[in-house]
>>> print(open('entry11.cif').read())   # mmCIF, C-alpha atoms and all ligand atoms
data_work
loop_
_atom_site.label_atom_id
_atom_site.label_comp_id
_atom_site.auth_asym_id
_atom_site.auth_seq_id
_atom_site.Cartn_x
_atom_site.Cartn_y
_atom_site.Cartn_z
CA MET A 1497 -50.65 201.44 50.11
CA LEU A 1498 -53.09 198.95 51.57
CA ARG A 1499 -52.46 195.59 49.94
CA ASN A 1500 -54.38 192.39 49.56
CA LEU A 1501 -57.90 193.58 50.30
CA LYS A 1502 -61.27 192.22 49.27
CA LEU A 1503 -64.17 194.41 48.12
CA LEU A 1504 -67.70 193.26 48.94
CA ASP A 1505 -68.24 192.29 45.30
CA GLY A 1506 -65.37 189.81 45.67
CA ARG A 1507 -62.71 191.71 43.72
CA GLN A 1508 -59.20 191.69 45.21
CA VAL A 1509 -57.56 195.09 45.31
CA ASN A 1510 -54.62 197.15 46.43
CA ILE A 1511 -55.46 200.73 47.36
CA GLU A 1512 -52.84 203.41 47.02
CA ILE A 1513 -53.27 206.44 49.26
CA ALA A 1514 -51.27 209.66 49.19
CA SER A 1515 -51.75 213.04 50.79
CA GLY A 1516 -54.99 211.91 52.37
CA ARG A 1517 -56.61 210.79 49.13
CA ILE A 1518 -57.18 207.55 47.28
CA VAL A 1519 -54.80 207.64 44.35
CA ARG A 1520 -55.45 204.26 42.75
CA VAL A 1521 -57.52 201.15 43.24
CA ASP A 1522 -55.74 198.29 41.46
CA GLU A 1523 -57.44 195.00 40.89
CA THR A 1524 -55.20 192.05 41.60
CA GLU A 1525 -55.50 188.32 41.34
CA VAL A 1526 -55.31 186.21 44.42
CA GLY A 1527 -51.74 185.10 45.02
CA ASN A 1528 -50.37 187.39 42.35
CA LEU A 1529 -49.77 190.72 44.03
CA PRO A 1530 -47.80 193.41 42.27
CA SER A 1531 -44.72 194.63 44.06
CA THR A 1532 -44.84 198.00 45.74
CA THR A 1533 -44.84 200.57 43.01
CA HIS A 1534 -43.44 203.84 44.25
CA ASP A 1535 -39.71 204.10 44.00
CA GLY A 1536 -38.27 206.96 45.88
CA PRO A 1537 -39.33 210.07 47.76
CA ASP A 1538 -41.57 212.62 46.11
CA SER A 1539 -43.57 215.60 47.25
CA THR A 1540 -46.68 213.67 48.27
CA THR A 1541 -47.00 211.74 51.49
CA HIS A 1542 -47.61 208.10 50.71
CA LEU A 1543 -49.26 205.88 53.26
CA ARG A 1544 -46.89 203.18 54.45
CA THR A 1545 -47.58 199.73 53.00
CA VAL A 1546 -49.91 197.62 55.10
CA ASP A 1547 -50.56 193.99 54.12
CA CYS A 1548 -54.21 193.35 54.92
CA ALA A 1549 -53.99 189.61 54.23
CA GLY A 1550 -57.32 189.16 52.52
CA ALA A 1551 -59.47 191.29 54.83
CA TYR A 1552 -62.55 193.09 53.55
CA VAL A 1553 -62.46 196.80 52.85
CA SER A 1554 -65.36 199.24 52.63
CA SER A 1555 -65.56 202.99 52.67
CA GLY A 1556 -65.11 204.23 56.24
CA TRP A 1557 -67.96 203.27 58.53
CA ILE A 1558 -70.33 206.03 59.59
CA ASP A 1559 -72.15 205.74 62.93
CA MET A 1560 -75.21 207.99 62.67
CA HIS A 1561 -76.07 208.02 66.38
CA VAL A 1562 -73.43 208.26 69.12
CA HIS A 1563 -72.76 210.34 72.23
CA ALA A 1564 -69.31 211.89 72.03
CA PHE A 1565 -69.31 214.60 74.68
CA PRO A 1566 -67.58 213.02 77.70
CA ALA A 1567 -68.47 215.80 80.12
CA PHE A 1568 -72.08 214.65 80.12
CA ASP A 1569 -72.94 211.70 82.29
CA PRO A 1570 -74.32 209.13 81.64
CA TYR A 1571 -74.60 209.79 77.89
CA GLY A 1572 -71.03 210.64 76.90
CA ASP A 1573 -67.78 209.14 75.67
CA GLU A 1574 -64.42 210.01 74.09
CA ILE A 1575 -64.58 210.56 70.33
CA ASP A 1576 -61.84 208.15 69.27
CA GLU A 1577 -62.96 205.43 71.71
CA ILE A 1578 -66.23 205.15 69.79
CA GLY A 1579 -64.67 206.13 66.46
CA VAL A 1580 -61.43 204.96 64.93
CA LYS A 1581 -60.60 202.48 67.70
CA GLN A 1582 -63.77 200.63 66.69
CA GLY A 1583 -63.23 200.92 62.95
CA VAL A 1584 -65.59 203.87 62.62
CA ALA A 1585 -64.24 206.66 60.43
CA THR A 1586 -67.08 209.14 60.98
CA ILE A 1587 -69.35 209.59 63.98
CA VAL A 1588 -72.46 211.70 64.13
CA ASP A 1589 -73.15 212.89 67.64
CA ALA A 1590 -76.91 212.67 68.15
CA GLY A 1591 -77.75 215.78 70.10
CA SER A 1592 -75.47 215.46 73.10
CA CYS A 1593 -75.03 219.21 72.92
CA GLY A 1594 -77.35 222.08 72.37
CA ALA A 1595 -76.35 225.64 71.55
CA ASP A 1596 -74.71 226.15 74.96
CA ARG A 1597 -71.89 223.65 74.38
CA ILE A 1598 -71.82 222.68 70.70
CA GLY A 1599 -68.69 224.85 70.30
CA GLU A 1600 -66.79 222.65 72.75
CA LEU A 1601 -67.89 219.50 70.92
CA ALA A 1602 -66.85 220.96 67.56
CA ALA A 1603 -63.44 221.95 68.99
CA SER A 1604 -62.82 218.47 70.39
CA GLY A 1605 -63.61 217.02 66.98
CA GLU A 1606 -60.73 218.96 65.49
CA SER A 1607 -58.13 217.21 67.62
CA ALA A 1608 -59.62 213.71 67.13
CA LYS A 1609 -58.62 211.17 64.48
CA THR A 1610 -62.29 210.35 63.90
CA ASN A 1611 -64.35 212.65 61.68
CA LEU A 1612 -67.02 214.30 63.80
CA LEU A 1613 -70.43 215.53 62.69
CA ALA A 1614 -73.37 216.37 64.94
CA PHE A 1615 -77.07 216.82 65.33
CA LEU A 1616 -77.69 219.93 67.42
CA ASN A 1617 -80.07 219.31 70.31
CA ILE A 1618 -82.96 221.78 70.03
CA SER A 1619 -82.68 222.25 73.79
CA ARG A 1620 -79.85 224.65 74.53
CA ILE A 1621 -78.76 222.56 77.53
CA GLY A 1622 -78.41 219.32 75.54
CA LEU A 1623 -77.91 216.18 77.61
CA SER A 1624 -76.63 217.99 80.68
CA ARG A 1625 -79.96 216.74 81.99
CA ILE A 1626 -81.95 213.81 80.68
CA ASP A 1627 -85.23 215.77 80.66
CA GLU A 1628 -83.86 218.47 78.39
CA LEU A 1629 -87.22 219.25 76.75
CA SER A 1630 -89.27 219.42 79.94
CA GLN A 1631 -88.98 223.22 80.14
CA LEU A 1632 -89.83 225.23 77.06
CA ASP A 1633 -87.45 228.00 78.25
CA TRP A 1634 -84.59 225.78 77.12
CA LEU A 1635 -85.80 226.01 73.52
CA ASP A 1636 -84.12 229.13 72.22
CA GLY A 1637 -84.57 229.56 68.48
CA GLU A 1638 -82.14 232.43 68.24
CA ARG A 1639 -79.34 230.42 69.82
CA VAL A 1640 -80.09 227.48 67.53
CA GLY A 1641 -79.83 229.76 64.49
CA GLU A 1642 -76.52 231.19 65.72
CA ALA A 1643 -75.02 227.74 66.35
CA VAL A 1644 -76.07 226.44 62.94
CA ALA A 1645 -74.55 229.49 61.25
CA ARG A 1646 -71.33 229.15 63.23
CA TYR A 1647 -70.68 225.41 62.73
CA PRO A 1648 -71.97 224.62 59.24
CA ASP A 1649 -69.31 221.94 58.67
CA VAL A 1650 -70.26 220.05 61.82
CA ILE A 1651 -74.04 220.36 62.27
CA VAL A 1652 -76.00 218.10 59.91
CA GLY A 1653 -79.43 218.24 61.52
CA LEU A 1654 -81.46 218.98 64.63
CA LYS A 1655 -82.18 216.43 67.36
CA ALA A 1656 -85.35 216.19 69.42
CA ARG A 1657 -85.94 213.42 71.93
CA ILE A 1658 -89.70 213.00 72.02
CA SER A 1659 -90.60 210.54 74.76
CA ARG A 1660 -92.22 210.86 78.15
CA SER A 1661 -89.16 211.08 80.38
CA VAL A 1662 -87.55 213.75 78.17
CA VAL A 1663 -90.51 216.04 77.47
CA GLY A 1664 -92.22 215.72 80.87
CA ASP A 1665 -95.36 217.87 80.82
CA SER A 1666 -94.40 219.61 77.58
CA GLY A 1667 -96.11 216.94 75.46
CA ILE A 1668 -95.82 217.48 71.73
CA ALA A 1669 -94.88 221.19 72.03
CA PRO A 1670 -91.09 220.63 71.68
CA LEU A 1671 -91.64 218.73 68.42
CA ARG A 1672 -93.74 221.57 67.08
CA VAL A 1673 -90.84 223.93 67.88
CA ALA A 1674 -88.38 221.48 66.29
CA ARG A 1675 -90.42 221.55 63.08
CA GLU A 1676 -90.28 225.37 63.05
CA LEU A 1677 -86.52 225.35 63.71
CA SER A 1678 -86.07 222.87 60.88
CA ALA A 1679 -87.84 225.30 58.57
CA SER A 1680 -85.82 228.31 59.73
CA THR A 1681 -82.43 226.53 59.54
CA GLY A 1682 -83.12 224.31 56.53
CA LEU A 1683 -81.91 221.28 58.49
CA PRO A 1684 -83.68 217.90 58.82
CA LEU A 1685 -84.74 216.42 62.15
CA MET A 1686 -83.59 213.30 63.93
CA VAL A 1687 -86.33 212.33 66.36
CA HIS A 1688 -85.83 209.84 69.17
CA ILE A 1689 -88.95 207.82 69.94
CA GLY A 1690 -89.81 205.92 73.11
CA SER A 1691 -92.51 205.77 75.75
CA ALA A 1692 -95.75 207.77 75.49
CA PRO A 1693 -96.95 210.40 75.77
CA PRO A 1694 -96.75 211.73 73.10
CA ALA A 1695 -98.36 208.91 71.14
CA ILE A 1696 -96.24 207.56 68.31
CA GLU A 1697 -98.86 208.43 65.67
CA GLU A 1698 -98.75 212.06 66.72
CA VAL A 1699 -94.94 212.11 66.68
CA LEU A 1700 -94.77 210.60 63.19
CA SER A 1701 -97.34 213.06 61.84
CA TYR A 1702 -94.77 215.85 62.22
CA LEU A 1703 -92.03 214.14 60.21
CA ARG A 1704 -91.20 214.76 56.57
CA GLU A 1705 -88.95 213.59 53.79
CA GLY A 1706 -85.32 213.48 54.93
CA ASP A 1707 -86.15 213.39 58.64
CA ILE A 1708 -84.90 210.42 60.65
CA VAL A 1709 -86.66 208.33 63.28
CA THR A 1710 -84.02 206.83 65.55
CA HIS A 1711 -84.66 203.77 67.79
CA TYR A 1712 -87.01 202.29 65.15
CA LEU A 1713 -86.55 198.77 66.51
CA ASN A 1714 -87.26 199.60 70.15
CA GLY A 1715 -89.43 197.08 71.98
CA LYS A 1716 -91.29 199.48 74.26
CA PRO A 1717 -95.03 200.10 74.21
CA ASN A 1718 -95.70 203.03 71.81
CA ASN A 1719 -93.25 201.64 69.24
CA LEU A 1720 -93.70 201.31 65.47
CA PHE A 1721 -95.14 197.77 65.37
CA ASP A 1722 -98.37 196.33 66.75
CA ALA A 1723 -98.67 193.35 69.08
CA GLU A 1724 -98.53 190.93 66.14
CA GLY A 1725 -95.45 192.62 64.72
CA TRP A 1726 -97.21 194.46 61.90
CA PRO A 1727 -95.96 197.95 61.09
CA ILE A 1728 -98.49 200.54 62.27
CA PRO A 1729 -100.23 202.50 59.47
CA ALA A 1730 -98.62 205.79 60.61
CA LEU A 1731 -95.20 204.21 59.99
CA LEU A 1732 -96.12 203.12 56.48
CA ASP A 1733 -97.39 206.65 55.77
CA ALA A 1734 -94.15 208.18 57.11
CA LEU A 1735 -92.06 205.86 54.94
CA GLU A 1736 -94.18 206.82 51.96
CA ARG A 1737 -93.33 210.48 52.66
CA GLY A 1738 -89.58 209.69 52.68
CA VAL A 1739 -88.92 209.55 56.42
CA ARG A 1740 -85.84 207.43 57.17
CA LEU A 1741 -85.28 204.85 59.88
CA ASP A 1742 -82.18 204.59 62.04
CA VAL A 1743 -81.37 201.81 64.49
CA GLY A 1744 -79.89 203.76 67.46
CA HIS A 1745 -79.44 200.48 69.39
CA GLY A 1746 -78.49 201.97 72.76
CA THR A 1747 -79.10 200.55 76.18
CA ALA A 1748 -82.87 200.31 75.80
CA SER A 1749 -83.83 200.59 72.14
CA PHE A 1750 -83.10 197.39 70.20
CA SER A 1751 -85.33 194.32 70.41
CA PHE A 1752 -84.66 191.14 68.44
CA ARG A 1753 -88.40 190.44 68.51
CA VAL A 1754 -89.16 193.78 66.85
CA ALA A 1755 -86.19 193.54 64.49
CA GLU A 1756 -87.41 190.15 63.28
CA ALA A 1757 -90.89 191.57 62.69
CA ALA A 1758 -89.44 194.53 60.77
CA LYS A 1759 -87.37 192.18 58.60
CA ARG A 1760 -90.38 189.96 57.97
CA HIS A 1761 -92.39 192.94 56.72
CA GLY A 1762 -89.58 194.54 54.72
CA ILE A 1763 -89.35 197.64 56.97
CA GLY A 1764 -85.83 199.14 56.73
CA LEU A 1765 -82.90 198.69 56.55
CA HIS A 1766 -81.71 202.30 56.19
CA THR A 1767 -78.94 203.16 58.66
CA ILE A 1768 -77.44 201.04 61.44
CA SER A 1769 -76.16 203.06 64.37
CA SER A 1770 -75.07 202.24 67.89
CA ASP A 1771 -76.27 205.02 70.26
CA ILE A 1772 -73.03 204.22 72.03
CA TYR A 1773 -71.64 205.91 75.14
CA ARG A 1774 -69.26 204.84 77.86
CA GLY A 1775 -71.67 202.68 79.87
CA ASN A 1776 -73.13 200.62 77.04
CA ARG A 1777 -69.72 200.37 75.35
CA LEU A 1778 -68.03 198.86 78.41
CA ASN A 1779 -70.94 196.86 79.84
CA GLY A 1780 -73.05 196.15 76.76
CA PRO A 1781 -75.43 195.54 75.21
CA VAL A 1782 -73.90 197.78 72.52
CA PHE A 1783 -70.11 197.26 72.93
CA SER A 1784 -69.36 198.55 69.41
CA LEU A 1785 -70.88 199.42 66.05
CA ALA A 1786 -69.43 196.16 64.69
CA ASN A 1787 -71.29 194.19 67.36
CA VAL A 1788 -74.54 195.91 66.33
CA MET A 1789 -73.77 195.12 62.68
CA SER A 1790 -73.25 191.44 63.59
CA LYS A 1791 -76.83 191.39 64.92
CA PHE A 1792 -78.12 192.36 61.48
CA LEU A 1793 -76.09 189.58 59.85
CA TYR A 1794 -77.74 187.24 62.35
CA LEU A 1795 -81.18 188.63 61.36
CA GLY A 1796 -80.53 187.52 57.80
CA TYR A 1797 -79.46 190.73 56.07
CA SER A 1798 -76.60 190.21 53.64
CA LEU A 1799 -73.11 191.50 54.37
CA GLN A 1800 -73.60 193.99 51.53
CA GLU A 1801 -76.83 195.29 53.09
CA VAL A 1802 -75.27 195.55 56.55
CA VAL A 1803 -72.21 197.41 55.32
CA ALA A 1804 -74.30 199.71 53.08
CA ALA A 1805 -76.26 200.67 56.22
CA VAL A 1806 -73.07 202.14 57.76
CA THR A 1807 -71.54 203.47 54.54
CA SER A 1808 -73.38 204.44 51.35
CA SER A 1809 -76.82 204.77 52.95
CA ALA A 1810 -75.54 207.10 55.67
CA ALA A 1811 -73.34 209.01 53.21
CA GLN A 1812 -76.28 209.55 50.90
CA TRP A 1813 -78.41 210.95 53.74
CA LEU A 1814 -75.53 213.24 54.70
CA GLY A 1815 -75.34 214.50 51.11
CA ARG A 1816 -71.70 213.34 51.05
CA PRO A 1817 -71.63 210.47 48.51
CA GLU A 1818 -67.82 210.47 48.51
CA LEU A 1819 -67.93 209.18 52.11
CA GLY A 1820 -69.73 206.07 50.91
CA ARG A 1821 -67.56 204.86 48.04
CA ILE A 1822 -63.98 203.87 47.22
CA GLN A 1823 -62.84 205.87 44.25
CA ALA A 1824 -59.59 207.44 43.08
CA GLY A 1825 -59.53 211.14 43.88
CA ASP A 1826 -61.78 210.90 46.96
CA PRO A 1827 -60.56 211.58 50.49
CA ALA A 1828 -59.31 208.30 52.00
CA HIS A 1829 -61.83 207.08 54.55
CA LEU A 1830 -61.76 203.29 54.71
CA THR A 1831 -62.53 200.48 57.12
CA VAL A 1832 -60.68 197.16 56.97
CA PHE A 1833 -62.54 194.30 58.63
CA ASP A 1834 -63.00 190.55 58.89
CA VAL A 1835 -66.09 188.41 59.04
CA ARG A 1836 -65.16 185.65 61.43
CA GLU A 1837 -66.96 182.35 61.28
CA GLU A 1838 -67.20 181.57 64.98
CA PRO A 1839 -69.86 181.18 67.65
CA VAL A 1840 -70.94 184.48 69.17
CA SER A 1841 -73.51 185.46 71.77
CA LEU A 1842 -75.57 188.53 70.85
CA VAL A 1843 -77.77 190.22 73.46
CA ASP A 1844 -80.46 192.83 72.75
CA SER A 1845 -81.62 195.72 74.93
CA GLU A 1846 -84.15 193.48 76.65
CA GLY A 1847 -81.59 190.91 77.73
CA ILE A 1848 -82.64 188.40 75.06
CA GLU A 1849 -79.69 186.38 73.83
CA ARG A 1850 -79.22 184.89 70.37
CA LYS A 1851 -76.43 182.55 69.32
CA ALA A 1852 -74.89 183.41 65.98
CA ASN A 1853 -72.12 181.90 63.87
CA GLN A 1854 -70.58 185.00 62.38
CA ARG A 1855 -69.25 188.26 63.66
CA ILE A 1856 -67.86 191.36 62.07
CA VAL A 1857 -64.53 192.46 63.52
CA PRO A 1858 -62.82 195.69 62.46
CA ARG A 1859 -59.11 195.47 61.90
CA GLY A 1860 -58.07 198.95 60.89
CA VAL A 1861 -59.33 202.25 59.68
CA VAL A 1862 -58.08 205.03 57.44
CA THR A 1863 -59.21 208.58 58.12
CA ASN A 1864 -57.72 211.51 56.28
CA GLY A 1865 -55.09 209.22 54.81
CA GLU A 1866 -53.73 207.76 58.01
CA TYR A 1867 -54.01 204.02 58.81
CA MET A 1868 -54.71 202.98 62.39
CA ALA A 1869 -55.16 199.50 63.79
CA CYS A 1870 -58.36 198.98 65.77
CA GLU A 1871 -58.48 198.10 69.44
CA VAL A 1872 -61.06 195.40 69.70
CA ARG A 1873 -61.53 193.19 72.70
CA THR A 1874 -62.39 189.66 71.68
ZN ZN B 1901 -82.52 208.33 72.20
ZN ZN B 1902 -78.82 208.64 71.85
#
>>> encode(input="entry11.cif", output="structure tokens")
Amino acid sequence: MLRNLKLLDGRQVNIEIASGRIVRVDETEVGNLPSTTHDGPDSTTHLRTVDCAGAYVSSGWIDMHVHAFPAFDPYGDEIDEIGVKQGVATIVDAGSCGADRIGELAASGESAKTNLLAFLNISRIGLSRIDELSQLDWLDGERVGEAVARYPDVIVGLKARISRSVVGDSGIAPLRVARELSASTGLPLMVHIGSAPPAIEEVLSYLREGDIVTHYLNGKPNNLFDAEGWPIPALLDALERGVRLDVGHGTASFSFRVAEAAKRHGIGLHTISSDIYRGNRLNGPVFSLANVMSKFLYLGYSLQEVVAAVTSSAAQWLGRPELGRIQAGDPAHLTVFDVREEPVSLVDSEGIERKANQRIVPRGVVTNGEYMACEVRT
């Protein structure tokens, strides 16, 4: 049982968890907590009682863009370092692996505390090189089909990084292949955007309802906003078609200037993700999903909007609504966190610093019914 928690709508609750599921959500009044209810051993495994002392609780955070395959350098990290230790119940690896090594990633997910899902890189070599789409030989449709058939519980979409340094001389061709592979597998695309070529308008023209553009707040030339901060027409068209936007902060893809323009024009917010890996976790500017979330509080989004962007919004895209709510009978995936009123320095991918007065700090996480305290450096 987790006691003395606060939902985002202000209700105080105790949450009883047994055998990996939420058994009951009891409303309580502040200062009037019921005593522990279960009285003696039974056949189900009850979670030990944890007093959360007034912390917030949401459904378990989902980070839609991480790199969780440590063998690949620089874009890799250990699953639980970027998952449960940071209050993140579910991570979605964004194309670290292609067909060659997705089996190893899936296997490592089984021994982790964090739930692991993945976008399969359309390049069979994945991020073993950082120009993985520069040779069309690495696009092997048959291998993609086999991987998708073999790991249906892990693979949630296909990843294509469509920017100059990744595609080299291949131009738009890899995205055309990605579109065909999406049709043959029935899976949506997550497309990374960055420097041209290809031009952003051409990239967006390939995307459809349910596809995701990650790095939507990047501050590079060829991004989604013009020099005055207006959304480009191709972006408005894509949104009209049902294309979704993901933050994918990363080392080089989050600009306060662009994020402020997006907020001003009502573009987003869909999903907040970190694009975290060892380097930007230890040295910044990412550090953690919570740190990225704090930047959106600073931008003026409400706590409800920020938390929805890592819970219900992501769960809905995944087609797993139970991952985005707290309801008796559902598997227990929860994040317990505080919003601390204290000065904090937030730095974007361009080295621009903003001083904020609030930060989100995870305290603990429940995955599959087990409570773990977070390891957060303050
Ligand atoms: Zn990327
Ligand atoms: Zn990434």
>>> closest_residue(input="entry11.cif", among="A:Val1709, A:Ala1679, A:Leu1703, A:Leu1503", to="ligand ZN 1902 (chain B)", atoms="only C-alpha atoms and all ligand atoms")
A:Val1709
>>> residues_near_ligand(input="entry11.cif", ligand="ligand ZN 1901 (chain B)", cutoff="10 Å", atoms="only C-alpha atoms and all ligand atoms", output="ChimeraX atom specification")
/A:1561-1563,1571,1590-1591,1655-1659,1662,1686-1690,1709-1711,1744-1749,1771
>>> closest_residue(input="entry11.cif", among="A:Gly1706, A:Gly1637, A:Gly1775, A:Pro1717", to="Ala1810 (chain A)", atoms="all atoms listed in the file")
A:Gly1706
>>> residues_near_point(input="entry11.cif", point="(-66.9, 196.1, 66.0)", cutoff="8 Å", atoms="all atoms listed in the file", output="JSON, numbers by chain")
{"A": [1582, 1583, 1783, 1784, 1785, 1786, 1787, 1788, 1789, 1856, 1857, 1858, 1872]}
>>> closest_residue(input="entry11.cif", among="A:Gly1572, A:Gly1594, A:Pro1817, A:Gly1780", to="ligand ZN 1902 (chain B)", atoms="all atoms listed in the file")
A:Gly1572
>>> residues_around(input="entry11.cif", residues="Leu1613 (chain A)", least_positions_apart="5", cutoff="8 Å", atoms="all atoms listed in the file", output="PyMOL selection string")
chain A and resi 1586-1589+1649-1652
>>> closest_residue(input="entry11.cif", among="A:Lys1581, A:Arg1517, A:His1761, A:Arg1672", to="Met1868 (chain A)", atoms="only C-alpha atoms")
A:Lys1581
>>> closest_residue(input="entry11.cif", among="A:Val1673, A:Ile1772, A:Leu1700, A:Ile1598", to="ligand ZN 1902 (chain B)", atoms="all atoms listed in the file")
A:Ile1772
>>> residues_around(input="entry11.cif", residues="Leu1732 (chain A)", least_positions_apart="4", cutoff="12 Å", atoms="all atoms listed in the file", output="PyMOL selection string")
chain A and resi 1697+1700-1701+1720-1721+1726-1728+1736-1741+1758+1761-1764
>>> decode(input="entry11.cif", residues="region 1662-1669 of chain A", atoms="all heavy atoms", output="mmCIF file, in the first residue's frame")
data_model
loop_
_atom_site.group_PDB
_atom_site.id
_atom_site.type_symbol
_atom_site.label_atom_id
_atom_site.label_comp_id
_atom_site.auth_asym_id
_atom_site.auth_seq_id
_atom_site.Cartn_x
_atom_site.Cartn_y
_atom_site.Cartn_z
ATOM 1 N N VAL A 1662 22.938 11.830 -41.138
ATOM 2 C CA VAL A 1662 22.517 10.421 -41.046
ATOM 3 C C VAL A 1662 22.319 9.821 -42.439
ATOM 4 O O VAL A 1662 22.731 8.690 -42.710
ATOM 5 C CB VAL A 1662 21.210 10.289 -40.237
ATOM 6 C CG1 VAL A 1662 20.814 8.817 -40.114
ATOM 7 C CG2 VAL A 1662 21.358 10.930 -38.867
ATOM 8 N N VAL A 1663 21.688 10.588 -43.331
ATOM 9 C CA VAL A 1663 21.352 10.024 -44.659
ATOM 10 C C VAL A 1663 22.479 10.213 -45.671
ATOM 11 O O VAL A 1663 22.501 9.524 -46.695
ATOM 12 C CB VAL A 1663 20.035 10.620 -45.226
ATOM 13 C CG1 VAL A 1663 18.872 10.323 -44.300
ATOM 14 C CG2 VAL A 1663 20.140 12.115 -45.500
ATOM 15 N N GLY A 1664 23.406 11.130 -45.412
ATOM 16 C CA GLY A 1664 24.504 11.350 -46.355
ATOM 17 C C GLY A 1664 23.970 11.694 -47.731
ATOM 18 O O GLY A 1664 23.139 12.585 -47.878
ATOM 19 N N ASP A 1665 24.412 10.937 -48.741
ATOM 20 C CA ASP A 1665 23.974 11.204 -50.119
ATOM 21 C C ASP A 1665 22.656 10.519 -50.470
ATOM 22 O O ASP A 1665 22.189 10.615 -51.596
ATOM 23 C CB ASP A 1665 25.054 10.737 -51.114
ATOM 24 C CG ASP A 1665 26.331 11.551 -50.958
ATOM 25 O OD1 ASP A 1665 26.225 12.732 -50.543
ATOM 26 O OD2 ASP A 1665 27.413 11.004 -51.237
ATOM 27 N N SER A 1666 22.058 9.825 -49.515
ATOM 28 C CA SER A 1666 20.831 9.078 -49.828
ATOM 29 C C SER A 1666 19.606 9.979 -49.943
ATOM 30 O O SER A 1666 18.570 9.560 -50.454
ATOM 31 C CB SER A 1666 20.539 8.021 -48.752
ATOM 32 O OG SER A 1666 21.629 7.149 -48.604
ATOM 33 N N GLY A 1667 19.706 11.207 -49.434
ATOM 34 C CA GLY A 1667 18.591 12.154 -49.558
ATOM 35 C C GLY A 1667 17.321 11.628 -48.922
ATOM 36 O O GLY A 1667 17.331 11.101 -47.811
ATOM 37 N N ILE A 1668 16.220 11.743 -49.657
ATOM 38 C CA ILE A 1668 14.914 11.378 -49.123
ATOM 39 C C ILE A 1668 14.635 9.866 -49.278
ATOM 40 O O ILE A 1668 13.670 9.347 -48.703
ATOM 41 C CB ILE A 1668 13.807 12.220 -49.813
ATOM 42 C CG1 ILE A 1668 12.535 12.310 -48.950
ATOM 43 C CG2 ILE A 1668 13.485 11.681 -51.203
ATOM 44 C CD1 ILE A 1668 12.672 13.155 -47.716
ATOM 45 N N ALA A 1669 15.492 9.174 -50.031
ATOM 46 C CA ALA A 1669 15.218 7.756 -50.350
ATOM 47 C C ALA A 1669 14.929 6.903 -49.100
ATOM 48 O O ALA A 1669 13.976 6.108 -49.107
ATOM 49 C CB ALA A 1669 16.363 7.165 -51.168
#
